[in-house]
Amino acid sequence: QEMLTCLNVAYQRQHRQGGRPRKLRMEDQLMMTLRHLRYYPTQRLLAFDFGVGVATVHATLTWVEDTLRSSG
């Protein structure tokens with residue numbers, strides 16, 4: 001729950017001016033990242049499982065990991 005709150009706050013801070021909404025809910029982005037860190041599946045498999053492109057998986061993993069790392 002704390003990680004999800006941290007991600008939501010960071011997302012709101014970055015998108016104050018608006019912008020295109022994400023393809024995945026924040027819960028799914030966190031789940032994707034945790035699954036990646038736990039089992040280390042290929043990004044192609046994650047893309048298939050979550051119904052998004054490989055580029056979206058890469059961007060999501062990078063953003064979530066960087067955001068959580070910078071929050072402490």
# chains A, B, ... in the order shown; residues from 1 in each chain; ligands from 1
$ residues_around --residues "Arg69 (chain A)" --least-positions-apart "5" --cutoff "12 Å" --atoms "only C-alpha atoms" --output "list in words"
Met3, Cys6, Leu7, Leu61, Thr62, Trp63 and Val64 of chain A
$ select_by_dssp --residues "chain A" --states "helix (DSSP H, G or I)" --output "PyMOL selection string"
chain A and resi 2-14+26-39+43-50+54-71
$ residues_around --residues "Val52 (chain A)" --least-positions-apart "5" --cutoff "8 Å" --atoms "only C-alpha atoms" --output "CSV table (one decimal) with N, CA and C atoms, in the first residue's frame"
chain,number,residue,atom,x,y,z
A,23,LYS,N,-1.5,3.5,-20.0
A,23,LYS,CA,-2.3,2.4,-20.5
A,23,LYS,C,-2.7,1.4,-19.4
A,47,ALA,N,4.6,-8.1,-21.6
A,47,ALA,CA,3.7,-7.4,-22.5
A,47,ALA,C,2.5,-8.2,-22.9
A,57,VAL,N,6.1,-1.8,-21.5
A,57,VAL,CA,6.7,-2.6,-20.4
A,57,VAL,C,8.0,-2.0,-19.9
